[in-house]
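Colleague: Below is the file entry_9.txt, which contains compact mmCIF, C-alpha atoms and all ligand atoms.
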```txt
# COMPACT_ATOMS: atom_id res chain seq x y z
CA MET A 1 114.81 71.10 154.61
CA GLU A 2 113.84 68.02 152.61
CA ILE A 3 112.21 65.89 155.24
CA TYR A 4 108.62 66.70 154.25
CA ASN A 5 109.24 66.89 150.48
CA GLN A 6 107.91 63.43 149.61
CA ILE A 7 104.72 64.10 151.57
CA ILE A 8 104.25 67.43 149.75
CA ARG A 9 104.66 65.64 146.41
CA ASP A 10 102.16 62.97 147.48
CA VAL A 11 99.48 65.51 148.51
CA ALA A 12 98.89 66.44 144.85
CA GLY A 13 97.56 62.92 144.21
CA LEU A 14 95.22 62.89 147.23
CA THR A 15 92.98 65.91 146.62
CA GLY A 16 90.51 64.39 144.13
CA LYS A 17 90.14 64.76 140.37
CA SER A 18 88.64 68.25 140.07
CA ALA A 19 90.84 71.31 139.62
CA PRO A 20 90.95 73.58 142.68
CA GLN A 21 89.62 77.10 142.97
CA ARG A 22 92.75 79.18 143.50
CA TYR A 23 92.91 82.53 145.29
CA SER A 24 95.82 84.91 145.76
CA TYR A 25 96.90 86.09 149.18
CA ASN A 26 95.20 89.35 150.11
CA PRO A 27 95.38 90.28 153.81
CA ASP A 28 92.50 92.72 153.31
CA ARG A 29 90.29 89.69 152.54
CA ALA A 30 91.03 87.99 155.90
CA TRP A 31 87.83 87.06 157.75
CA GLU A 32 86.96 88.92 160.95
CA ASP A 33 88.94 87.48 163.88
CA ALA A 34 87.16 86.75 167.16
CA GLY A 35 90.43 87.38 169.08
CA ALA A 36 90.07 84.22 171.20
CA PHE A 37 88.40 80.82 171.12
CA GLU A 38 84.71 81.31 170.48
CA LEU A 39 82.20 78.66 171.50
CA ILE A 40 79.51 78.00 168.90
CA MET A 41 76.57 76.13 170.39
CA ALA A 42 75.06 73.27 168.35
CA ARG A 43 71.81 75.23 167.97
CA ASP A 44 73.72 78.11 166.32
CA ALA A 45 75.70 75.85 163.98
CA ALA A 46 75.00 75.45 160.26
CA TYR A 47 77.08 72.26 160.02
CA GLU A 48 80.46 70.76 160.89
CA LEU A 49 83.40 70.01 158.64
CA GLY A 50 84.39 66.55 159.82
CA GLY A 51 81.20 66.21 161.87
CA ASP A 52 79.42 62.86 162.47
CA ASP A 53 82.81 61.09 162.63
CA LYS A 54 83.71 62.06 159.08
CA PRO A 55 87.41 62.57 158.26
CA ALA A 56 88.88 65.88 159.49
CA VAL A 57 92.58 65.87 158.68
CA ASN A 58 95.14 68.57 159.36
CA PHE A 59 98.88 68.79 158.88
CA THR A 60 101.62 71.25 157.98
CA CYS A 61 104.71 70.59 155.87
CA VAL A 62 107.82 72.75 155.62
CA THR A 63 110.28 72.84 152.72
CA THR A 64 113.06 74.97 151.29
CA SER A 65 112.13 73.96 147.73
CA PRO A 66 110.69 76.79 145.57
CA GLU A 67 109.40 74.17 143.11
CA LEU A 68 107.19 72.60 145.76
CA VAL A 69 105.76 75.82 147.22
CA ASP A 70 105.81 78.31 144.40
CA GLY A 71 104.23 81.47 145.84
CA ASP A 72 101.40 82.17 148.26
CA GLY A 73 97.84 81.06 147.71
CA ILE A 74 94.62 79.47 148.88
CA PHE A 75 93.42 76.33 147.10
CA VAL A 76 89.89 74.96 147.50
CA TYR A 77 89.22 71.38 146.39
CA GLY A 78 85.49 70.65 146.47
CA GLN A 79 82.56 72.71 147.74
CA ASP A 80 83.11 76.03 149.48
CA LEU A 81 81.57 76.93 152.84
CA GLY A 82 78.50 78.67 151.36
CA SER A 83 77.45 75.58 149.36
CA ILE A 84 77.89 72.88 152.00
CA ARG A 85 74.63 71.73 153.63
CA GLY A 86 75.66 69.20 156.28
CA SER A 87 78.55 67.29 157.85
CA THR A 88 81.22 66.68 155.27
CA PRO A 89 84.72 65.15 155.12
CA PHE A 90 87.40 67.80 155.45
CA ALA A 91 91.15 68.33 155.33
CA ARG A 92 93.30 71.43 155.70
CA VAL A 93 96.90 71.12 154.58
CA THR A 94 99.44 73.92 154.95
CA LEU A 95 102.61 74.00 152.85
CA LEU A 96 105.32 76.44 153.91
CA ARG A 97 108.49 77.41 152.10
CA VAL A 98 111.25 78.66 154.38
CA GLY A 99 114.79 79.96 153.86
CA ASP A 100 117.76 77.70 154.54
CA ILE A 101 117.47 77.41 158.31
CA GLU A 102 119.58 74.29 158.94
CA SER A 103 123.10 74.98 157.76
CA ASP A 104 124.90 74.32 161.07
CA ASP A 105 124.26 72.73 164.47
CA ASP A 106 122.65 75.74 166.10
CA ASP A 107 120.59 76.38 163.03
CA THR A 108 119.27 72.81 163.07
CA GLU A 109 117.84 73.43 166.50
CA GLN A 110 116.59 76.81 165.36
CA ALA A 111 114.91 75.13 162.38
CA PHE A 112 113.11 72.75 164.70
CA ARG A 113 111.87 75.58 166.93
CA ALA A 114 110.80 77.49 163.83
CA ILE A 115 108.78 74.48 162.59
CA GLN A 116 107.10 74.18 165.99
CA ASN A 117 106.19 77.87 165.96
CA MET A 118 104.78 77.60 162.46
CA ASP A 119 102.56 74.71 163.51
CA PHE A 120 101.30 76.71 166.52
CA VAL A 121 99.76 79.27 164.15
CA LYS A 122 96.60 77.15 164.14
CA TYR A 123 96.13 78.11 167.81
CA ARG A 124 96.38 81.83 167.04
CA VAL A 125 93.75 82.18 164.30
CA PHE A 126 90.13 82.55 165.42
CA PRO A 127 87.92 83.31 162.40
CA LYS A 128 84.54 84.52 163.70
CA GLY A 129 81.89 81.83 163.35
CA TYR A 130 84.53 79.18 162.47
CA MET A 131 85.15 77.15 165.62
CA ILE A 132 88.28 75.01 165.32
CA ARG A 133 88.63 71.90 167.45
CA THR A 134 91.95 70.12 167.11
CA SER A 135 93.39 66.88 168.37
CA SER A 136 97.13 66.66 167.86
CA GLU A 137 97.14 62.93 168.76
CA ASN A 138 95.07 61.89 165.76
CA HIS A 139 95.76 64.97 163.59
CA ARG A 140 92.07 65.97 163.51
CA GLU A 141 90.85 69.49 162.89
CA GLN A 142 87.06 69.61 163.05
CA ILE A 143 85.27 72.89 162.28
CA ARG A 144 81.84 74.07 163.44
CA ILE A 145 80.46 76.82 161.21
CA SER A 146 77.85 79.21 162.61
CA LYS A 147 74.67 80.07 160.74
CA GLU A 148 75.53 83.74 161.20
CA ALA A 149 78.93 83.33 159.49
CA ILE A 150 77.23 81.63 156.53
CA ARG A 151 74.72 84.53 156.34
CA LYS A 152 77.62 86.99 156.31
CA GLY A 153 79.38 85.15 153.47
CA ILE A 154 82.26 83.28 155.12
CA SER A 155 84.35 81.33 152.59
CA PHE A 156 87.56 79.33 152.49
CA GLU A 157 89.16 82.23 150.64
CA ARG A 158 88.42 84.57 153.57
CA VAL A 159 89.50 82.03 156.23
CA GLY A 160 92.57 81.09 154.17
CA ASN A 161 93.62 84.73 154.13
CA SER A 162 93.27 84.78 157.94
CA PHE A 163 95.71 81.86 158.19
CA LEU A 164 98.09 83.28 155.57
CA ARG A 165 98.14 86.69 157.30
CA GLN A 166 99.30 84.96 160.48
CA TYR A 167 101.90 82.79 158.71
CA LYS A 168 103.28 85.81 156.88
CA GLN A 169 104.20 87.40 160.20
CA ASP A 170 106.88 84.73 160.64
CA GLU A 171 110.10 86.05 159.09
CA ASN A 172 111.29 82.48 158.27
CA ILE A 173 108.38 81.91 155.90
CA ILE A 174 108.98 82.92 152.28
CA SER A 175 105.71 81.62 150.93
CA ALA A 176 102.68 79.78 152.25
CA ARG A 177 99.82 77.81 150.75
CA VAL A 178 96.66 76.67 152.47
CA LEU A 179 94.70 73.82 150.90
CA PHE A 180 91.07 73.28 151.96
CA ILE A 181 89.71 69.93 150.83
CA THR A 182 86.03 68.88 150.88
CA ALA A 183 85.91 67.00 147.55
CA PRO A 184 83.99 63.72 147.93
CA ASP A 185 86.58 61.86 145.83
CA ALA A 186 89.62 63.11 147.78
CA ASP A 187 91.65 60.35 149.42
CA TYR A 188 91.06 61.18 153.10
CA ALA A 189 92.60 57.89 154.24
CA GLY A 190 95.72 58.81 152.27
CA LEU A 191 95.70 62.31 153.75
CA GLN A 192 95.35 60.80 157.24
CA LYS A 193 98.34 58.57 156.52
CA ALA A 194 100.33 61.61 155.38
CA ALA A 195 99.35 63.40 158.62
CA GLN A 196 100.57 60.42 160.64
CA GLN A 197 103.87 60.46 158.75
CA VAL A 198 104.25 64.19 159.50
CA GLY A 199 103.56 63.37 163.17
CA LYS A 200 106.27 60.68 163.14
CA ILE A 201 108.80 63.04 161.57
CA THR A 202 108.04 65.75 164.12
CA MET A 203 108.34 63.23 166.97
CA SER A 204 111.72 62.11 165.58
CA LEU A 205 112.91 65.72 165.39
CA THR A 206 111.89 66.18 169.02
CA LYS A 207 113.95 63.14 170.04
CA ILE A 208 116.95 64.32 168.00
CA MET A 209 116.78 67.74 169.64
CA GLU A 210 116.60 66.11 173.07
CA GLY A 211 120.06 64.65 172.34
CA MET A 212 119.10 61.01 171.84
CA SER A 213 121.40 58.18 170.71
CA THR A 214 123.67 58.96 167.79
CA ASP A 215 124.21 55.33 166.82
CA CYS A 216 121.96 54.49 163.86
CA THR A 217 122.54 50.75 164.33
CA THR A 218 120.71 50.74 167.68
CA CYS A 219 118.44 53.76 167.23
CA MET A 220 114.70 53.14 167.50
CA LEU A 221 114.08 55.87 164.91
CA LYS A 222 115.99 54.00 162.19
CA PRO A 223 112.84 52.84 160.35
CA ILE A 224 111.61 56.40 159.93
CA CYS A 225 115.07 57.77 159.14
CA ASP A 226 115.48 55.09 156.44
CA GLU A 227 112.14 56.09 154.96
CA VAL A 228 112.32 59.89 155.09
CA GLU A 229 114.60 61.75 152.72
CA GLY A 230 116.89 64.17 154.61
CA MET A 231 116.33 62.90 158.19
CA LYS A 232 119.79 61.41 158.63
CA GLU A 233 121.41 64.48 157.08
CA LEU A 234 119.48 66.61 159.54
CA HIS A 235 120.78 64.57 162.48
CA PHE A 236 124.29 64.24 161.00
CA GLY A 237 124.34 68.01 160.78
CA LYS A 238 123.85 68.14 164.55
CA GLU A 239 126.23 65.43 165.81
CA LYS A 240 128.60 62.74 164.58
CA HIS A 241 126.98 59.32 164.11
CA THR A 242 127.81 55.67 163.89
CA THR A 243 126.08 54.27 160.83
CA GLU A 244 127.88 50.97 160.31
S1 LIG A 301 120.13 59.53 161.97
FE1 LIG A 301 120.54 57.59 163.01
S2 LIG A 301 120.80 58.10 165.18
FE2 LIG A 301 119.88 59.89 164.15
S3 LIG A 301 117.69 59.62 164.52
FE3 LIG A 301 118.15 58.70 162.54
S4 LIG A 301 118.56 56.53 162.95
FE4 LIG A 301 118.64 57.63 164.91
```
Starting from the file, give its structure as structure tokens.
Ligand code: SF4
Modeller:
Amino acid sequence: MEIYNQIIRDVAGLTGKSAPQRYSYNPDRAWEDAGAFELIMARDAAYELGGDDKPAVNFTCVTTSPELVDGDGIFVYGQDLGSIRGSTPFARVTLLRVGDIESDDDDTEQAFRAIQNMDFVKYRVFPKGYMIRTSSENHREQIRISKEAIRKGISFERVGNSFLRQYKQDENIISARVLFITAPDADYAGLQKAAQQVGKITMSLTKIMEGMSTDCTTCMLKPICDEVEGMKELHFGKEKHTTE
């Protein structure tokens, strides 16, 4: 699974100059879960990550490369939740390492379903006092933090453990990393571009799985397949193509 590898490599250059705070995965440190979507009223909110039209980027990349996702962890670039005082730019990037789930035709389809399921994790984690609002069209994930959660000591480490605990329930996932980015010098435009590229790749996978054209010379996805390492191999693994 190489199709997201270049994006994963690029992320390292988009997180700003300061070294991240790094935390190990510890499911006992997961933040209390509300069990379902919890509405936080504006009057009860301390602030919003991505509020006031600031960037709020979210995407997930999957790879089989142990070099690119070397173990579990939570990485915080910039201020943590307890130090933030108002609306701030925000990005959450998830990097997942999976086993080889694309070795034959059936497995290619299985890989695609597995990727979809992994991405749906964001709809199954409800940290208390951390209201997630997503828009899959523009890859936004805006977060409203309650004053009560701040009083109780919510942090990215605790929320990151909530996400990791959910990811680790998926037997395809060998290791998972969650990156929280609030650094003022992070390249949010670059992160947004990466999110759009992830969206394009996922859309292409959807089309491939729907059994679209297998003739590269007339295929509307050719520009993205030419650009993304491993896309053609992924489709070639599913059906025979005409590439001349
Ligand atoms: S490999 Fe060829 S046919 Fe398949 S999606 Fe890419 S460009 Fe289209």
Colleague: For each of A:Ser155, A:Gln142, A:Gln192, A:Asn172, take the minimum atom-to-atom distance to Ile115 of chain A, counting only C-alpha atoms, then give the residue where this is smallest.
Modeller: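 Answer, going by the shortest atom-to-atom distance: A:Asn172.
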Colleague: In Å to one decimal, how far is atom CA of Cys225 of chain A from atom CA of Ile174 of chain A?
Modeller: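 So the two atoms, atom CA of Ile174 of chain A and atom CA of Cys225 of chain A, lie 26.8 Å apart.
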Colleague: Distance limit 9 Å, reference ligand LIG 301 (chain A), atoms considered: all atoms listed in the file. Which residues make the cut? Give them as a list in words.
Modeller: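 Using all atoms listed in the file, everything at most 9 Å from ligand LIG 301 (chain A) comes to Ser204, Leu205, Lys207, Ile208, Met212, Ser213, Thr214, Asp215, Cys216, Thr217, Thr218, Cys219, Met220, Leu221, Lys222, Pro223, Ile224, Cys225, Asp226, Met231, Lys232, Glu233, Leu234, His235, Phe236, Glu239, His241, Thr242 and Thr243 of chain A.
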Colleague: What is the distance, in Å and to one decimal place, between atom CA of Ser24 of chain A and atom CA of Arg158 of chain A?
Modeller: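 Atom-to-atom, atom CA of Ser24 of chain A to atom CA of Arg158 of chain A, that is 10.8 Å.
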Colleague: Under the rule that only C-alpha atoms are counted, which of A:Gln116, A:Gln197, A:Thr88, A:Thr202 is the nearest residue to Asp52 of chain A?
Modeller: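 Closest residue, counting only C-alpha atoms: A:Thr88.
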Colleague: Suppose you want the space between atom CA of Ile74 of chain A and atom CA of Tyr4 of chain A; what is it in Å?
Modeller: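 A separation of 19.7 Å between them.
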Colleague: Would you kindly return, as a list in words, each protein, DNA or RNA residue with an atom no farther than 10 Å from any atom of Tyr123 of chain A, considering all atoms listed in the file and excluding same-chain residues fewer than 6 positions away?
Modeller: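 Once the adjacent positions are removed, what remains is Ala36, Phe37, Ile132, Arg133 and Thr134 of chain A.
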Colleague: Go through A:Gly51, A:Pro20, A:Gly230, A:Gly99 and flag the residue nearest Arg85 of chain A, using all atoms listed in the file for the distances.
Modeller: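 Looking at the shortest contact to Arg85 of chain A, the residue is A:Gly51.
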Colleague: Measuring atom to atom with only C-alpha atoms, identify which of A:Val98, A:Ile150, A:Ala186, A:Val125 is nearest to Ala30 of chain A.
Modeller: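 Of A:Val98, A:Ile150, A:Ala186, A:Val125, the one nearest Ala30 of chain A, counting only C-alpha atoms, is A:Val125.
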Colleague: Once 5 Å is added on each side, what centre and edge lengths in Å to one decimal does the axis-aligned box around all listed atoms of segment 59-67 of chain A have, as JSON?
Modeller:
```
{"center_x": 106.0, "center_y": 72.8, "center_z": 151.0, "size_x": 24.2, "size_y": 18.0, "size_z": 25.8}
```
Colleague: Find, counting only C-alpha atoms, the residue in A:Gly35, A:Gly153, A:Pro89, A:Gly82 that gets nearest to Arg140 of chain A.
Modeller: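 With only C-alpha atoms as the atom set, the closest residue is A:Pro89.
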Colleague: Which one is closest to His139 of chain A: A:Met1, A:Ala91, A:Ala46, A:Ile201? Count all atoms listed in the file.
Modeller: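 Nearest candidate to His139 of chain A out of A:Met1, A:Ala91, A:Ala46, A:Ile201: A:Ala91.
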Colleague: When you look at Asp72 of chain A with a cut-off of 12 Å (counting all atoms listed in the file), what residues show up, excluding the ones that are within fewer than 5 positions of it in the same chain? I need them as number ranges by chain.
Modeller: A: 22-27, 66, 94-97, 160-161, 163-165, 167-168, 173-179
Colleague: Could you list, as a PyMOL selection string, every residue within 6 Å of Phe90 of chain A, counting all atoms listed in the file and ignoring same-chain residues fewer than 2 positions away?
Modeller: chain A and resi 49-50+55-56+181-182
